[in-house]
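Enquirer: Got a structure for you, questions after.
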Amino acid sequence: MTGPPPGPFRPGFFRSPLRGPRLTAILGLTLLVLVTIVAVTGFLSHAAYQPDLGDNGLVEPDLPLTFFDWPTGPSWLYALNQGLHVNVGLVAVPWLLAKLWSVMPRLFAWPPVTSAAQATERATIALLVSSTIFLFVTGIANIQYWYVFDFDFVQAHYYAAVVFVAALGVHLVVKLPVALRSLRGPEPRDSPLVAIAPDAPVLSRRALLAAVGGGSAALLVANAGELVGGPLRRIAFLAPRRDGGFPVNKTAAGAKVTEAMTGPAYRLVLAGGSGGEIALSRDDLLALPQATHTLTLGCVEGWSTRQEWTGVPLRELARLAGAADPSQLTVGSLQPKGILRRATLAANQVADSRSLLVLKVGGADLMPDHGYPARIIVPGLPGVHNTKWVGRMEFRA
Amino acid sequence: MRRYGASPVHLLAHLAALALAAWALVQIPGLGNWQRIVVWLVAAVVVHDLVLFPAYTAAGRLVGRSPFVRVPLALSALLALVFFPVMCGKGEGAYTRVSGTEWDGYAERWLLVSALLFAGSAVLYAVRSRT
């Protein structure tokens, strides 16, 4: 029998004195806590889009994850969910890199396969590493508007997350007992992770963990400020969303909404009620009972804005249309193209007294880029489902 | 189970996970441009294991063994690794279309923060080596 090929396959190639089962266990368990938060908030975000309603599904609702109504309170619920998803994801990056570094000798184990069990295990670890890096890279590129992937981000990110959860689950079945054992007992010297001929240490293990945590802190400071408005957003020195005030997520020009569409000829059509179709001008809307609420609008990308919104409560419009207590409301934009020009709201969202067809923000008329003549705000709803330039509202009994 | 090499739980857990993962993977051909998704999934492992890992290992050897050099360098490199798209303006066209504003000063702020990290580490080193 011939020996291993040269290079990393030879025992003694990896020389860091820090590698060992205990370090890998600490890194792995920390990473486990972080990616659990990221995965749970990711699937919750999928549920918040209510993919089982109307054309809401950016991904087909194959998995039974939407068995509950997404709540309308607190209004910052979705902003918080996405703030956790994005920022805990960033915090996890150095732990992921360190964890992969700590187990690198295992990648070059020789012989590469010793049994059917071990081959199966290596195949699932390949899926785990591949789906994990894929999720991090696509997510990090997406929050920076770098659509370098020429596939649908949402669908690919979702199905890769399912692969990730499956592969992580079985990895835990195999490795969680090993990790807990290596935290309790003395460090085994015969582990394949422990260097045969270690270099003198550069850092202690504690210092390495502190440095990894420092990496997390640096990424958090660099980005987390965009989660809230105000001066904190300027601290976030590398956040893609540092623009102050009331950030725009789609300009009227970008949405191809023209002045001709929003001028005096503008009419909002209410449909689906017993009163037949009703057309209302903006002046008609301003003459209806108004309400004002301060609510947070949260974006899937992990930034948010809190504003004082004034407009007609949606349940008021439902009553006017002759469809009190509707089971659903589909809101259509004047925007001619794009999958997000329609969004369907559930019964609890229409019924909430704080859900508004907004005409004014901070006491002033809506800006064209924020959805003039009228836009939706529903507390706790993903940002892009708060349809702008509303042209049609279809109630379902 | 002697031939398999592990317990029935091991085999069943792997079969369950592989079945669920396979379910997700067979959805991919129904998605637009699915070949690229597969390429990205494979490239993710290859780029990390055979490019990024050797690159930072070599860089670590190159800069020497002092943690006062390695740690701030690693932090600066980590910020660059995660935020290079915004620093290089990779998504600037899309960002401007969406927001109506422009990106400004990202690479400069990263350089300033890096300068701060290196200077801070130098001060720490000087203080430590005097005591």
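FYI, nothing fancy with the structure tokens labels: chains A, B, ... in order, residues from 1 per chain, ligands from 1 as they appear.
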Extract, using only C-alpha atoms, all DNA, RNA and protein residues at most 12 Å from B:Arg3, discarding same-chain residues fewer than 2 positions from it, and format them as a ChimeraX atom specification.
Expert: /A:114-118 /B:1,5-8,11
Enquirer: For chain A against chain B, which residues fall within 6 Å using only C-alpha atoms, given as number ranges by chain?
Expert: A: 115-117, 130, 133-134, 144-146, 151, 159, 163, 166-167, 170, 202, 215, 248-251, 254
Enquirer: Please identify which residues in stretch 27-225 of chain A DSSP calls helix (DSSP H, G or I) from the backbone, and express them as a ChimeraX atom specification.
Expert: /A:27-48,77-102,104-107,116-143,153-184,205-225
Enquirer: State, in Å with one decimal place, the distance from atom CA of A:Val59 to atom CA of A:His46.
Expert: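 Taking atom CA of A:Val59 as the start and atom CA of A:His46 as the end point, the length is 8.3 Å.
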Enquirer: Please identify all polymer residues within 8 Å of A:Gly362, counting only C-alpha atoms, omitting same-chain residues fewer than 2 positions from it, and present them as a CSV table (one decimal) with C-alpha atoms, in the first residue's frame.
Expert:
chain,number,residue,atom,x,y,z
A,307,GLN,CA,-42.2,57.6,10.4
A,308,GLU,CA,-45.5,59.3,11.3
A,309,TRP,CA,-48.0,58.1,8.8
A,310,THR,CA,-51.4,59.7,8.1
A,360,LYS,CA,-49.1,62.0,4.3
A,364,ALA,CA,-46.5,66.6,4.5
Enquirer: For A:Pro379, which residue out of A:Arg342, A:His85, A:His157, A:Arg306 is the nearest one, using only C-alpha atoms?
Expert: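 Of the candidates, the smallest distance to A:Pro379 is held by A:Arg306.
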Enquirer: Find the spatial neighbours of A:Tyr78, counting only C-alpha atoms, within a cut-off of 7 Å - ignore same-chain residues fewer than 4 positions away - and output them as a PyMOL selection string.
Expert: chain A and resi 82+298+380-382
Enquirer: Any chance you could export the current selection's N, CA and C atoms as an mmCIF file, in the first residue's frame?
Expert:
data_model
loop_
_atom_site.group_PDB
_atom_site.id
_atom_site.type_symbol
_atom_site.label_atom_id
_atom_site.label_comp_id
_atom_site.auth_asym_id
_atom_site.auth_seq_id
_atom_site.Cartn_x
_atom_site.Cartn_y
_atom_site.Cartn_z
ATOM 1 N N GLN A 82 -35.458 41.000 10.596
ATOM 2 C CA GLN A 82 -34.441 41.144 9.551
ATOM 3 C C GLN A 82 -33.144 41.727 10.086
ATOM 4 N N GLY A 298 -39.804 48.010 7.986
ATOM 5 C CA GLY A 298 -38.554 47.253 7.971
ATOM 6 C C GLY A 298 -38.324 46.592 6.624
ATOM 7 N N GLY A 380 -45.644 45.724 10.943
ATOM 8 C CA GLY A 380 -45.032 44.396 10.960
ATOM 9 C C GLY A 380 -44.917 43.725 9.608
ATOM 10 N N LEU A 381 -45.373 44.388 8.553
ATOM 11 C CA LEU A 381 -45.354 43.777 7.211
ATOM 12 C C LEU A 381 -43.984 44.005 6.554
ATOM 13 N N PRO A 382 -43.433 42.998 5.828
ATOM 14 C CA PRO A 382 -42.176 43.229 5.102
ATOM 15 C C PRO A 382 -42.275 44.473 4.221
#
Enquirer: Write out as a count of residues only the set of residues from stretch 216-314 of chain A that DSSP, computed on the backbone, places in strand (DSSP E or B).
Expert: 25
Enquirer: Got a sec: who's within 8 Å of A:His171, counting only C-alpha atoms, leaving out chain neighbours fewer than 5 positions off, as a ChimeraX atom specification?
Expert: /A:124-125,176
Enquirer: Which value, in Å to one decimal, gives the distance between atom CA of A:Ala265 and atom CA of A:Gly391?
Expert: 11.5 Å
Enquirer: For atom CA of A:Gly311 and atom CA of A:Ser353, quote the distance in Å rounded to one decimal.
Expert: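 Atom CA of A:Gly311 sits 11.2 Å away from atom CA of A:Ser353.
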Enquirer: Return the single residue from A:Leu359, A:Leu340, A:Leu286, A:Ala195 that is closest to A:Arg15, with distances computed using only C-alpha atoms.
Expert: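 Looking only at the distances to A:Arg15, the closest residue turns out to be A:Ala195.
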